[in-house]
Number of protein chains: 4
Amino acid sequence: MNLLEPLFRWEAIEGLFSDRARIQAMLDFEAALARAEARTGVIPSSAAPAIASKCRAELYDIAALARATELAGNPAIPLVQQLTALVGRDDEQAMRFVHWGATSQDAIDTGFVLQLRGALECIQAELKRLSGMLASLAEKHRSTAAAGRTLLQQALPTTFGLKVAGWLDAIHRHSERISEVRRRALVVQFGGAVGTLAALGNEGIDVARELGEELHLTAPDLSWHAHRDRVVEVAAMLGLLTGSLGKIARDISLQMQTEVAEVFEPFGAGRGSSSTMPHKRNPVTFAVVLAAAARMPGLVSSMLGTMVQEQERGLGGWHAE
Amino acid sequence: MNLLEPLFRWEAIEGLFSDRARIQAMLDFEAALARAEARTGVIPSSAAPAIASKCRAELYDIAALARATELAGNPAIPLVQQLTALVGRDDEQAMRFVHWGATSQDAIDTGFVLQLRGALECIQAELKRLSGMLASLAEKHRSTAAAGRTLLQQALPTTFGLKVAGWLDAIHRHSERISEVRRRALVVQFGGAVGTLAALGNEGIDVARELGEELHLTAPDLSWHAHRDRVVEVAAMLGLLTGSLGKIARDISLQMQTEVAEVFEPFGAGRGSSSTMPHKRNPVTFAVVLAAAARMPGLVSSMLGTMVQEQERGLGGWHAE
Amino acid sequence: MNLLEPLFRWEAIEGLFSDRARIQAMLDFEAALARAEARTGVIPSSAAPAIASKCRAELYDIAALARATELAGNPAIPLVQQLTALVGRDDEQAMRFVHWGATSQDAIDTGFVLQLRGALECIQAELKRLSGMLASLAEKHRSTAAAGRTLLQQALPTTFGLKVAGWLDAIHRHSERISEVRRRALVVQFGGAVGTLAALGNEGIDVARELGEELHLTAPDLSWHAHRDRVVEVAAMLGLLTGSLGKIARDISLQMQTEVAEVFEPFGAGRGSSSTMPHKRNPVTFAVVLAAAARMPGLVSSMLGTMVQEQERGLGGWHAE
Amino acid sequence: MNLLEPLFRWEAIEGLFSDRARIQAMLDFEAALARAEARTGVIPSSAAPAIASKCRAELYDIAALARATELAGNPAIPLVQQLTALVGRDDEQAMRFVHWGATSQDAIDTGFVLQLRGALECIQAELKRLSGMLASLAEKHRSTAAAGRTLLQQALPTTFGLKVAGWLDAIHRHSERISEVRRRALVVQFGGAVGTLAALGNEGIDVARELGEELHLTAPDLSWHAHRDRVVEVAAMLGLLTGSLGKIARDISLQMQTEVAEVFEPFGAGRGSSSTMPHKRNPVTFAVVLAAAARMPGLVSSMLGTMVQEQERGLGGWHAE
């Protein structure tokens with residue numbers, strides 16, 4: 001048997017979390033906020049397009065923002081300063097309404113949620129691809145005899161198709177989990193300094209609702225500045241998924257052992273060759289998956305460790321995420 | 001403000017995981033298996049009551065089973081041996097059909113799932129109680145002014161009711177999560193030695209379905225001996241819940257500080273007194289919650305670390321759970 | 001090759017951490033404290049033998065103490081109460097000097113350190129035994145050819161002796177680590193309520209020094225109630241050791257695979273047999289080691305997670321240990 | 001009290017782990033290897049300077065190497081290819097002796113050890129600075145009364161100096177730990193494909209010893225490709241240190257609370273200001289330390305989780321580090 005495709009392609013997802021993408025996501029929040037506040041009459045209607053026109057990441061010096069972030073303690077402070085300055089050049093009145101009633105964490109968290117939405121879409125697409133691949137493989141090998149192994153010893157016969165069906169079954173459960181977690185995680189963050197939206201008077205709830213519509217995100221009943229279960233749940237779900245991918249990779253790499261030789265990994269030019277043994281095939285693709293699976297429990301643990309946050313916004317916990 | 005009840009009562013749940021409860025849960029599996037196999041004609045119909053009548057934990061020497069477990073490597077091996085011997089005393093024919101077609105892990109995992117069902121019911125009841133308590137508290141203090149604090153500094157005013165509403169909102173999300181995870185986790189384990197149910201010929205699927213009905217659990221499409229995402233997901237969800245409880249406990253214990261004195265913990269006779277300062281009130285209840293929250297990321301991490309299991313049944317990973 | 005002994009015998013160590021052993025270790029602290037305070041003139045010299053004579057665990061109802069511990073929040077409070085009552089029956093004056101100037105955590109931590117000393121001695125003895133076993137094995141197989149394997153693929157030839165020498169080399173490093181960590185960890189805890197030993201006037205330092213001599217432990221410069229690096233370091237070192245044992249067990253279990261069959265695990269009656277496949281040898285010993293290695297990172301992580309404790313004594317962190 | 005300096009400056013250490021620094025460290029290994037092999041007569045003496053002259057990171061395209069690394073599975077493979085090509089332009093004979101007898105992991109691990117040496121030196125310097133700062137502070141405030149707090153409640157009086165002395169005592173222990181771990185960690189990796197140095201005939205041990213002298217590192221008795229306790233120990237020690245720094249930061253941030261106001265954090269222009277509350281002082285420095293302390297247990301756990309590696313070189317575990 002020859003597995004023709006990688007188990008999981010992480011590359012597209014990594015691109016979603018570049019510095020530039022992060023800046024753009026926060027700017028998307030600022031633009032949507034201005035529109036939502038204009039529509040509810042909180043800020044002048046002319047301010048919204050003036051602000052939104054400057055919410056394009058290519059207008060900003062990413063490296064300078066990174067340096068200013070270290071000094072300020074978070075990326076929203078220098079970004080809002082630069083956005084304000086840019087808006088002010090063209091429209092002195094609109095300048096006063098940038099980031100109106102919001103706090104840094106509103107922009108950072110909502111921006112992150114927007115990035116997360118893209119990532120979850122990628123992951124669902126990958127899971128769909130993988131499910132299709134595994135379903136064909138299980139079908140093709142439904143009668144291919146294979147040794148069933150328990151505790152690393154041959155036990156009784158099974159089929160390779162049944163083994164693959166077990167992998168597929170797990171992947172189906174992960175698809176279901178991702179769908180469920182999307183509903184809870186893809187939610188606007190919006191509360192102002194201490195979660196009261198006090199600066200918006202009676203319009204707070206309306207602005208939040210409009211903001212959700214602008215961004216195609218759910219508007220929350222309350223801000224969740226110091227309640228991190230939404231994002232930590234995503235981390236835990238991805239941890240579970242990575243664990244299952246690791247199990248598949250472990251199975252295949254054991255079946256690829258020289259003495260067992262039931263499965264082979266595909267490899268292209270330069271892939272998995274060895275500096276000292278150029279003739280040797282190395283299961284490099286699976287090394288990447290197994291490495292991710294080995295790191296994952298610690299990463300999820302770190303996220304869980306940040307949940308005990310203080311009061312309206314905690315010290316250190318949110319910064320650790 | 002005076003919090004009159006503990007945040008969360010773990011005691012009832014602990015009782016569900018005693019050695020005796022564990023033995024009974026495995027015996028429940030064996031009794032249900034016999035009935036399911038009798039109904040599908042796999043074993044003689046007289047064998048089922050003969051086996052089921054010996055499936056009561058009080059017939060077994062728990063300490064002796066514990067010693068035998070160490071030698072055998074798992075608790076099902078000595079339990080099935082003793083069950084077989086007990087059945088054999090009254091009915092030599094039925095004796096041959098004890099544990100028919102099953103493997104140790106089928107009994108252990110299904111038994112654990114039965115315990116888990118009880119635990120999840122307890123937890124949902126506790127969450128309901130806590131939600132009610134928090135809802136009243138939020139209502140009562142909807143206008144009680146309190147300092148909003150960010151980064152451990154007073155920031156802008158909020159109300160104590162809003163703070164409590166934030167706690168309540170998180171607890172609601174956890175109730176929803178527990179409901180979702182129940183569907184995926186409360187599933188029979190049944191596969192025989194390598195997951196093929198080969199010993200049952202063509203009746204395997206029927207027996208699995210009957211077994212599910214007997215135990216009021218879902219019958220799985222496939223056995224999940226080496227796919228541990230079902231139980232690890234439960235651990236992750238409980239980890240999330242514990243994190244939120246820790247956040248509430250942290251908030252309250254900060255508000256209980258001598259200098260802040262916004263909230264007081266209730267305490268009964270002997271509770272939270274100090275050996276050196278008998279006059280002093282200690283937030284003991286919250287110490288327990290915060291201790292659980294501190295240990296939790298490591299526990300979830302350990303569970304996630306067991307997911308990469310080998311082949312049909314792994315070495316060490318399942319034992320680590 | 002046939003490995004005749006288990007890699008590591010944890011049983012003796014487990015015995016050191018029974019409830020009874022824990023109670024005795026705290027009573028050893030109380031007896032030593034009384035003697036140290038009598039010798040420095042802090043309490044009457046007749047009080048020391050009166051107190052010490054009641055510091056025997058068999059005089060206490062362990063189950064009742066366990067129940068009282070839950071109510072009190074820590075085990076020292078009810079233990080000191082019972083000790084005081086027992087002393088008071090024979091000597092009303094001595095009764096007043098039980099636990100003089102100490103706080104609960106002084107007894108609990110010093111008691112734990114005494115248990116830890118026993119455990120580290122056991123571990124060093126086990127490492128010595130294992131080193132001897134591996135040294136003989138490496139010597140015997142210094143020329144036994146074996147396949148060198150990288151990334152689970154056969155690569156170039158090596159010898160089995162060299163492989164064993166690699167295991168031995170790691171075990172040597174762990175012995176060295178245990179010796180170093182002993183010096184830092186085997187230290188008295190003694191500070192009174194907030195670490196000032198104020199109740200002892202000018203005699204605090206002298207009592208601490210005498211206490212160290214009584215218990216053959218180092219007397220610390222300062223109490224370390226909220227500085228947990230001493231005990232967490234021990235956990236981390238044991239984690240490292242468990243990781244190396246896991247590596248050895250993984251190597252051997254891979255070599256024991258049916259298709260590879262280079263090494264066999266010894267097994268006694270009933271050990272590692274299978275309920276469904278009685279003819280099959282299961283690497284049970286190694287399952288235990290691998291299970292410990294899988295749980296270990298989470299446990300160490302939990303310990304590390306308790307280090308950030310508040311002020312003179314923290315809330316939750318110490319309880320989590 | 002006004003803390004004038006940051007607790008710990010991580011910036012210098014981060015610089016040591018740039019992509020360029022990593023490439024240079026691996027090139028340092030290659031140059032030293034050529035010299036050691038020339039000195040022991042394994043390669044022609046003219047090859048060493050020819051190779052060493054190309055071992056300067058500025059001759060390489062870092063971004064191209066990063067791309068090639070993804071394809072090859074590790075950074076040493078493309079680096080050695082480019083080094084070989086560069087040497088070959090000037091000296092066709094020397095070209096054949098690049099990386100002679102070594103494997104990718106020899107270069108990567110030894111390079112990492114060289115970076116680690118720099119990092120540990122930085123850390124020891126920082127600990128020395130911090131110790132000095134804390135010693136002065138403890139001296140200055142030896143009689144400054146402060147509330148001793150346990151379980152977040154005021155308990156009995158202490159002095160601020162004693163509190164600082166407790167911090168200092170922990171930092172002293174960490175300095176001692178770093179010194180001990182240096183001896184075990186700063187060790188050459190050198191074993192060839194499966195740890196036998198077979199390609200070097202009888203000269204393997206001599207080359208290893210010379211390599212150690214060239215790099216001022218210890219030459220190991222055996223290669224440690226799959227025995228990762230050396231590097232994981234460093235991670236665990238840094239974890240312990242981070243935990244203690246977190247404890248100090250937690251103490252100070254609690255003392256900085258608006259209601260407590262015993263300590264103030266220094267801050268420069270733009271540092272710790274808030275986008276919504278420009279008048280407010282935020283303990284940003286301590287947020288960074290607490291964030292590191294919150295992430296740390298998971299990171300150490302991930303490192304510990306990579307220790308169970310297979311055979312001569314494992315799959316995934318080393319990649320996960």
# chains A, B, ... in the order shown; residues from 1 in each chain; ligands from 1
call {"tool": "interface_residues", "arguments": {"of": "chain C", "to": "chain B", "cutoff": "7 Å", "atoms": "only C-alpha atoms", "output": "PyMOL selection string"}}
result
chain C and resi 71-73+77+103-104+193+270-273+275-276+284+287-288+290-292+294-295+297-299+301-302+305-306+315-317+319-320
call {"tool": "write_last_selection", "arguments": {"atoms": "C-alpha atoms", "output": "PDB file, in the first residue's frame"}}
result
ATOM      1  CA  LEU C  71     -13.315  19.675  57.271  1.00  0.00           C
ATOM      2  CA  ALA C  72     -10.191  21.415  58.538  1.00  0.00           C
ATOM      3  CA  GLY C  73      -8.566  21.891  55.152  1.00  0.00           C
ATOM      4  CA  ILE C  77      -4.920  20.614  62.377  1.00  0.00           C
ATOM      5  CA  THR C 103       2.241  26.231  61.891  1.00  0.00           C
ATOM      6  CA  SER C 104       0.404  23.387  60.164  1.00  0.00           C
ATOM      7  CA  ALA C 193       2.444  31.447  60.853  1.00  0.00           C
ATOM      8  CA  GLY C 270      -0.374 -15.312  35.471  1.00  0.00           C
ATOM      9  CA  ARG C 271       1.713 -12.372  34.372  1.00  0.00           C
ATOM     10  CA  GLY C 272       0.911 -10.870  31.026  1.00  0.00           C
ATOM     11  CA  SER C 273      -1.406 -13.620  29.905  1.00  0.00           C
ATOM     12  CA  SER C 275      -8.065 -13.264  28.587  1.00  0.00           C
ATOM     13  CA  THR C 276      -8.792 -13.923  24.937  1.00  0.00           C
ATOM     14  CA  VAL C 284       3.167  -6.073  30.804  1.00  0.00           C
ATOM     15  CA  ALA C 287       3.324  -1.310  29.753  1.00  0.00           C
ATOM     16  CA  VAL C 288       3.599  -0.149  33.363  1.00  0.00           C
ATOM     17  CA  LEU C 290       5.399   3.325  29.476  1.00  0.00           C
ATOM     18  CA  ALA C 291       2.185   4.252  31.266  1.00  0.00           C
ATOM     19  CA  ALA C 292       4.218   6.023  33.953  1.00  0.00           C
ATOM     20  CA  ALA C 294       2.995   8.918  29.524  1.00  0.00           C
ATOM     21  CA  ARG C 295       1.471  10.315  32.712  1.00  0.00           C
ATOM     22  CA  PRO C 297       4.824  15.105  31.849  1.00  0.00           C
ATOM     23  CA  GLY C 298       1.362  16.073  33.049  1.00  0.00           C
ATOM     24  CA  LEU C 299       2.246  15.407  36.666  1.00  0.00           C
ATOM     25  CA  SER C 301       3.481  20.144  34.723  1.00  0.00           C
ATOM     26  CA  SER C 302       0.924  20.177  37.547  1.00  0.00           C
ATOM     27  CA  GLY C 305       1.859  24.990  37.830  1.00  0.00           C
ATOM     28  CA  THR C 306       1.675  25.303  41.601  1.00  0.00           C
ATOM     29  CA  LEU C 315      -4.174  29.861  48.162  1.00  0.00           C
ATOM     30  CA  GLY C 316      -4.664  26.640  46.252  1.00  0.00           C
ATOM     31  CA  GLY C 317      -1.142  26.196  44.936  1.00  0.00           C
ATOM     32  CA  HIS C 319      -3.021  22.450  48.308  1.00  0.00           C
ATOM     33  CA  ALA C 320      -2.642  21.283  44.733  1.00  0.00           C
TER      34      ALA C 320
END
call {"tool": "select_by_dssp", "arguments": {"residues": "range 87-294 of chain A", "states": "strand (DSSP E or B)", "output": "list in words"}}
result
Ala145, Ala146, Ala147, Gly148, Arg149, Thr150, Gln153, Gln154, Ala155, Leu156, Pro157, Thr158, Thr159, Val187, Thr218 and Phe264 of chain A
call {"tool": "write_last_selection", "arguments": {"atoms": "C-alpha atoms", "output": "short mmCIF file (atom, residue, chain, number, x, y, z; two decimals), in the first residue's frame"}}
result
data_model
loop_
_atom_site.label_atom_id
_atom_site.label_comp_id
_atom_site.auth_asym_id
_atom_site.auth_seq_id
_atom_site.Cartn_x
_atom_site.Cartn_y
_atom_site.Cartn_z
CA ALA A 145 -5.78 -9.41 5.44
CA ALA A 146 -3.50 -7.82 8.02
CA ALA A 147 -2.18 -8.82 11.41
CA GLY A 148 -4.16 -7.35 14.30
CA ARG A 149 -1.62 -6.25 16.88
CA THR A 150 -2.12 -5.58 20.56
CA GLN A 153 2.50 -8.20 19.44
CA GLN A 154 0.67 -9.98 16.63
CA ALA A 155 -2.63 -11.17 18.00
CA LEU A 156 -5.42 -12.28 15.64
CA PRO A 157 -6.10 -11.47 11.98
CA THR A 158 -8.02 -8.40 10.89
CA THR A 159 -8.23 -6.48 7.62
CA VAL A 187 -18.22 35.31 18.88
CA THR A 218 -22.31 35.93 16.92
CA PHE A 264 5.11 2.81 2.43
#
call {"tool": "residues_around", "arguments": {"residues": "His174 in chain A", "least_positions_apart": "2", "cutoff": "9 Å", "atoms": "only C-alpha atoms", "output": "list in words"}}
result
Leu127, Asp169, Ala170, Ile171, His172, Glu176, Arg177, Ile178, Ser179, Met237, Leu238, Leu240, Leu241 and Ser244 of chain A; Asp229 of chain B
call {"tool": "residues_around", "arguments": {"residues": "Leu137 in chain D", "least_positions_apart": "2", "cutoff": "12 Å", "atoms": "only C-alpha atoms", "output": "ChimeraX atom specification"}}
result
/D:1-5,130-135,139-144,159-168
call {"tool": "select_by_dssp", "arguments": {"residues": "range 107-260 of chain A", "states": "alpha helix (DSSP H)", "output": "number ranges by chain"}}
result
A: 107-140, 160-185, 204-215, 229-255
call {"tool": "atom_distance", "arguments": {"atom1": "CA of Ala34 in chain C", "atom2": "CA of Ala48 in chain C"}}
result
4.8 Å
call {"tool": "closest_residue", "arguments": {"among": "D:Leu79, D:Leu114, D:Ala38, D:Glu126", "to": "Ala94 in chain D", "atoms": "only C-alpha atoms"}}
result
D:Ala38
